[in-house]
Each structure stands twice: as C-alpha cells, then as structure tokens.
Amino acid sequence: MFKALVLEKEPQFRASVREVEDDFLPAGDVTLSVEYSTLNYKDALAIANRSPIVRSWPMIAGIDGAGTVLESRHPGWGAGDRVVVNGFGVGEAHKGCLAERARLSGDWLVRLPAAFDTRQAMTIGTAGYTAMLCVLALERHGLRPGDGEVLVTGATGGVGSVAVAVLSKLGYAVTGSTGKASEADYLRTLGAKRIIDRAELSQPGKPLQKERWTAVVDSVGSHTLVNACAQTRYRGAVAACGLAQGPDFPGTVMPFILRGVALLGVESVQAPLALRQEAWRRLAADLDPALLETIVQEIPLEDAVAKAPEILSGKVRGRVVVRIV
C-alpha cells in the first residue's frame with residue numbers, strides 16, 4: 001500500500017489523497033520511489049477538474065517527479081539511481097508522480113544532475129525545464145548577451161521565474177512583466193533589471209508597435225503574445241510556451257513579414273531525450289541553486305488538492321513543491 005493523489009470520474013469527479021495497492025500502478029519497466037513532485041498549472045487544472053487534462057481514469061495526478069529507482073528492468077537504470085521525469089503524458093494518460101510510488105518507462109527518465117537534490121529538481125520541474133527549452137530555442141535563433149532587452153511575460157509564475165533567473169545569470173538585460181506590483185523586489189532578486197505592468201501587454205494593440213525587445217519568453221498567450229511580437233525588434237524572436245491568458249492569437253502576420261520576427265513554439269511534453277538531457281545539463285550550469293529557495297514554497301501531499309485552486313487564480317508565485325515522503 002502507498003499514498004497517492006487519485007483523480008476519479010465515477011460516480012462523480014473526486015480528487016483525494018488515499019491509500020492504493022501496488023497493482024493500481026500501470027505497466028512500466030522502472031518503479032520509482034518518489035520523494036518530491038510539484039503542482040504545475042496543468043496539475044491544478046486536472047485536480048480542480050477545470051479542463052479535460054486526464055485521458056485515462058482513475059488517474060494518479062502529477063506530471064513531474066523526482067526520486068530513486070526501486071526496481072528496474074530497463075538496461076539504462078538500476079536500483080538506487082536518482083532520476084527526474086517530466087511530461088510524456090504522465091499524470092494525464094499514465095498514472096503520475098503525486099504518489100509515494102510511480103511505475104514508468106525508463107525511456108522517459110533523465111538522470112538527476114549532481115548539482116541538484118530531488119527537492120531542487122522539483123522546484124525547477126516542468127516549468128523550469130520548459131523555461132530552459134525557451135532559452136535554448138532563442139539561442140539557436142542567434143540570441144546572445146548584449147543584443148538588447150529580453151522580455152519575460154508571466155514573470156512571477158513558474159516558467160517566468162526560472163526564465164528570469166537563467167537569462168539574468170547568462171548576462172541578459174531582463175524585463176519582467178507581471179500583474180503583481182508587490183512582487184517587484186522578488187523579480188529583482190531573481191535578476192530582472194526592469195519590471196513592467198502586464199496591463200501594458202494584455203489589451204488589444206496595434207499590429208506593429210515600437211521595437212523594444214530583442215527576444216521574448218512568453219507563457220501567457222493571447223493579446224500578451226500578440227503585443228510582444230508587435231514590439232519585438234527586427235529579426236528578433238519570441239519563444240511561446242504557455243496560455244495563461246488564453247490559447248487564442250488575435251494578431252496579424254505583420255511582425256513576421258515586415259520585421260522578420262520569429263515565433264518559436266516550445267513544447268515540453270514529448271521533447272526528445274537528447275533535448276531533455278541538454279536542458280537539464282544547462283539548468284545545472286546556468287541556474288543559481290541559491291535562488292531556488294526564493295522561488296519555492298513546499299507543501300505536503302495532503303495539501304495538494306486544496307492548493308490547486310490558488311494556482312488557477314494566480315495567487316501563487318514561483319513554484320509549489322509537493323513533499324511526498
């Protein structure tokens with residue numbers, strides 16, 4: 001028996017932490033003792049039954065996990081290995097990591113970098129890993145420190161917080177966009193040079209606007225993404241990875257055909273293993289571990305259900321780490 005945050009559909013939706021048997025776990029060639037998981041926006045949607053995230057019932061929630069291999073039939077992993085998992089439908093189509101145990105495909109696992117313990121890895125989680133994927137995409141486009149200001153939207157969120165911290169450490173002049181004026185000192189601690197109110201970006205704007213940003217990391221979507229593109233400098237790039245404001249893109253092609261702006265879609269769930277490994281290697285090198293304590297708040301597994309609505313209402317800054325054991 002072990003504890004898990006179980007999502008059930010029948011006879012009516014229910015999210016609860018309860019004991020389950022080992023045979024509740026799905027097939028997989030690696031069994032993991034989970035030490036920490038997280039609450040991402042997607043987890044919160046699933047736990048609060050606010051979006052059709054879950055595709056198989058009943059489900060153990062949790063798209064992220066970090067812990068130690070208990071048993072393995074996979075040639076790449078042995079008992080005692082320290083690993084991290086993000087995405088691949090975990091917590092959606094495959095039972096997830098908000099539980100004391102998880103059974104997974106060994107092909108989905110990444111070795112935990114020596115720079116991080118499992119708590120720190122989950123402070124980063126899918127949000128921080130996605131932020132690094134955005135940085136890598138911008139670098140592939142040619143972004144270099146000294147090129148100009150880089151905008152990070154949703155800067156106090158999970159993706160935004162890690163993006164600000166990483167970009168600042170790499171030497172970029174980072175501007176953070178947020179609707180939380182009280183969090184200006186928090187963003188400056190992470191390295192932001194300037195803070196702007198999200199209201200500057202969240203309403204309909206002109207198709208082309210004053211050139212401000214050499215690059216953008218956007219986790220917000222909708223009008224915010226459109227305005228970010230409209231303000232991006234000639235041959236700059238925007239890495240888009242989220243939809244906190246909405247999934248729509250109510251804009252025009254003008255920034256792309258008149259300024260050569262590149263819109264780079266960043267997808268983290270099915271990213272190939274080599275890219276995942278590169279992202280985690282770079283996080284170990286380019287993210288100051290000391291800043292992780294600034295970003296994180298920790299809760300026990302039993303509090304995860306109650307915390308989900310706070311995430312959806314934008315009341316949480318940074319990252320929520322869930323202590324499993």
# chains A, B, ... in the order shown; residues from 1 in each chain; ligands from 1

$ residues_around --residues "Asp303 (chain A)" --least-positions-apart "6" --cutoff "12 Å" --atoms "only C-alpha atoms" --output "ChimeraX atom specification"
/A:5,15-17,38-39,47,98,309-310,320-324

$ residues_around --residues "Ser313 (chain A)" --least-positions-apart "2" --cutoff "12 Å" --atoms "only C-alpha atoms" --output "list in words"
Tyr41, Ala44, Leu45, Ala48, Arg50, Gly157, Ala244, Gln245, Lys307, Ala308, Pro309, Glu310, Ile311, Lys315, Val316 and Arg317 of chain A

$ write_last_selection --atoms "C-alpha atoms" --output "PDB file, in the first residue's frame"
ATOM      1  CA  TYR A  41      -0.767  24.772 -13.837  1.00  0.00           C
ATOM      2  CA  ALA A  44      -4.065  22.257 -10.946  1.00  0.00           C
ATOM      3  CA  LEU A  45      -6.453  22.087 -13.907  1.00  0.00           C
ATOM      4  CA  ALA A  48      -9.769  21.021  -9.895  1.00  0.00           C
ATOM      5  CA  ARG A  50     -11.302  22.552 -14.819  1.00  0.00           C
ATOM      6  CA  GLY A 157       4.981  32.247 -12.440  1.00  0.00           C
ATOM      7  CA  ALA A 244      -2.267  31.626 -19.062  1.00  0.00           C
ATOM      8  CA  GLN A 245      -4.237  34.490 -20.659  1.00  0.00           C
ATOM      9  CA  LYS A 307      -3.629  24.295  -3.232  1.00  0.00           C
ATOM     10  CA  ALA A 308      -4.761  23.730  -6.829  1.00  0.00           C
ATOM     11  CA  PRO A 309      -7.416  26.500  -6.932  1.00  0.00           C
ATOM     12  CA  GLU A 310      -4.851  29.022  -5.662  1.00  0.00           C
ATOM     13  CA  ILE A 311      -2.628  28.261  -8.638  1.00  0.00           C
ATOM     14  CA  LYS A 315      -2.366  33.615  -6.131  1.00  0.00           C
ATOM     15  CA  VAL A 316       0.857  31.598  -6.169  1.00  0.00           C
ATOM     16  CA  ARG A 317       4.243  32.965  -7.138  1.00  0.00           C
TER      17      ARG A 317
END

$ residues_around --residues "region 58-62 of chain A" --least-positions-apart "6" --cutoff "6 Å" --atoms "only C-alpha atoms" --output "list in words"
Leu5, Val6, Leu7, Glu8, Gly91, Lys95, Gly96, Cys97 and Leu98 of chain A

$ write_last_selection --atoms "N, CA and C atoms" --output "short mmCIF file (atom, residue, chain, number, x, y, z; two decimals), in the first residue's frame"
data_model
loop_
_atom_site.label_atom_id
_atom_site.label_comp_id
_atom_site.auth_asym_id
_atom_site.auth_seq_id
_atom_site.Cartn_x
_atom_site.Cartn_y
_atom_site.Cartn_z
N LEU A 5 -2.37 10.77 -4.77
CA LEU A 5 -3.45 11.72 -5.03
C LEU A 5 -4.20 11.19 -6.25
N VAL A 6 -5.37 10.63 -6.00
CA VAL A 6 -6.13 9.92 -7.03
C VAL A 6 -7.26 10.80 -7.54
N LEU A 7 -7.38 10.83 -8.87
CA LEU A 7 -8.49 11.52 -9.53
C LEU A 7 -9.45 10.47 -10.06
N GLU A 8 -10.72 10.57 -9.68
CA GLU A 8 -11.73 9.60 -10.10
C GLU A 8 -12.89 10.32 -10.78
N GLY A 91 0.58 11.61 -15.52
CA GLY A 91 -0.44 12.41 -14.85
C GLY A 91 -1.60 12.77 -15.74
N LYS A 95 -0.45 6.99 -15.10
CA LYS A 95 -0.51 7.40 -13.70
C LYS A 95 0.77 8.10 -13.27
N GLY A 96 0.59 9.22 -12.52
CA GLY A 96 1.67 10.16 -12.30
C GLY A 96 2.38 10.06 -10.97
N CYS A 97 2.99 11.19 -10.59
CA CYS A 97 4.00 11.21 -9.54
C CYS A 97 3.59 11.92 -8.25
N LEU A 98 2.33 12.30 -8.11
CA LEU A 98 1.87 12.79 -6.81
C LEU A 98 1.47 11.58 -5.98
#

$ residues_around --residues "Leu264 (chain A)" --least-positions-apart "3" --cutoff "10 Å" --atoms "only C-alpha atoms" --output "PyMOL selection string"
chain A and resi 134+137-138+141+216-217+237-241+261+267

$ atom_distance --atom1 "CA of Leu170 (chain A)" --atom2 "CA of Arg188 (chain A)"
15.1 Å

$ residues_around --residues "Gly179 (chain A)" --least-positions-apart "4" --cutoff "12 Å" --atoms "only C-alpha atoms" --output "ChimeraX atom specification"
/A:153-157,183-184,195-202,220,245,314-315,317

$ closest_atom_pairs --of "region 63-98 of chain A" --to "region 31-37 of chain A" --cutoff "7 Å" --atoms "only C-alpha atoms" --output "tab-separated table"
residue	atom	partner	partner_atom	distance
A:Asp64	CA	A:Ser37	CA	5.6
A:Gly65	CA	A:Ser37	CA	4.6
A:Ala66	CA	A:Tyr36	CA	5.6
A:Gly67	CA	A:Val34	CA	4.5
A:Thr68	CA	A:Ser33	CA	5.3
A:Val69	CA	A:Leu32	CA	4.5
A:Leu70	CA	A:Leu32	CA	5.4
A:Glu71	CA	A:Thr31	CA	5.2
A:Ser72	CA	A:Thr31	CA	6.4
A:Cys97	CA	A:Ser37	CA	6.2
A:Leu98	CA	A:Ser37	CA	5.9

$ atom_distance --atom1 "CA of Ile257 (chain A)" --atom2 "CA of Trp213 (chain A)"
17.0 Å

$ select_by_dssp --residues "region 29-141 of chain A" --states "helix (DSSP H, G or I)" --output "number ranges by chain"
A: 41-47, 106-108, 118-141

$ residues_around --residues "Lys169 (chain A)" --least-positions-apart "2" --cutoff "12 Å" --atoms "only C-alpha atoms" --output "ChimeraX atom specification"
/A:145,162-167,171-174,189-193,282-283,285-289,291

$ closest_residue --among "A:Met132, A:Leu151, A:Ile295, A:Leu275" --to "Asn227 (chain A)" --atoms "only C-alpha atoms"
A:Leu151

$ atom_distance --atom1 "CA of Gly236 (chain A)" --atom2 "CA of Leu263 (chain A)"
9.0 Å

$ closest_residue --among "A:Ala181, A:Val90, A:Leu104, A:Ala114" --to "Gly28 (chain A)" --atoms "only C-alpha atoms"
A:Leu104
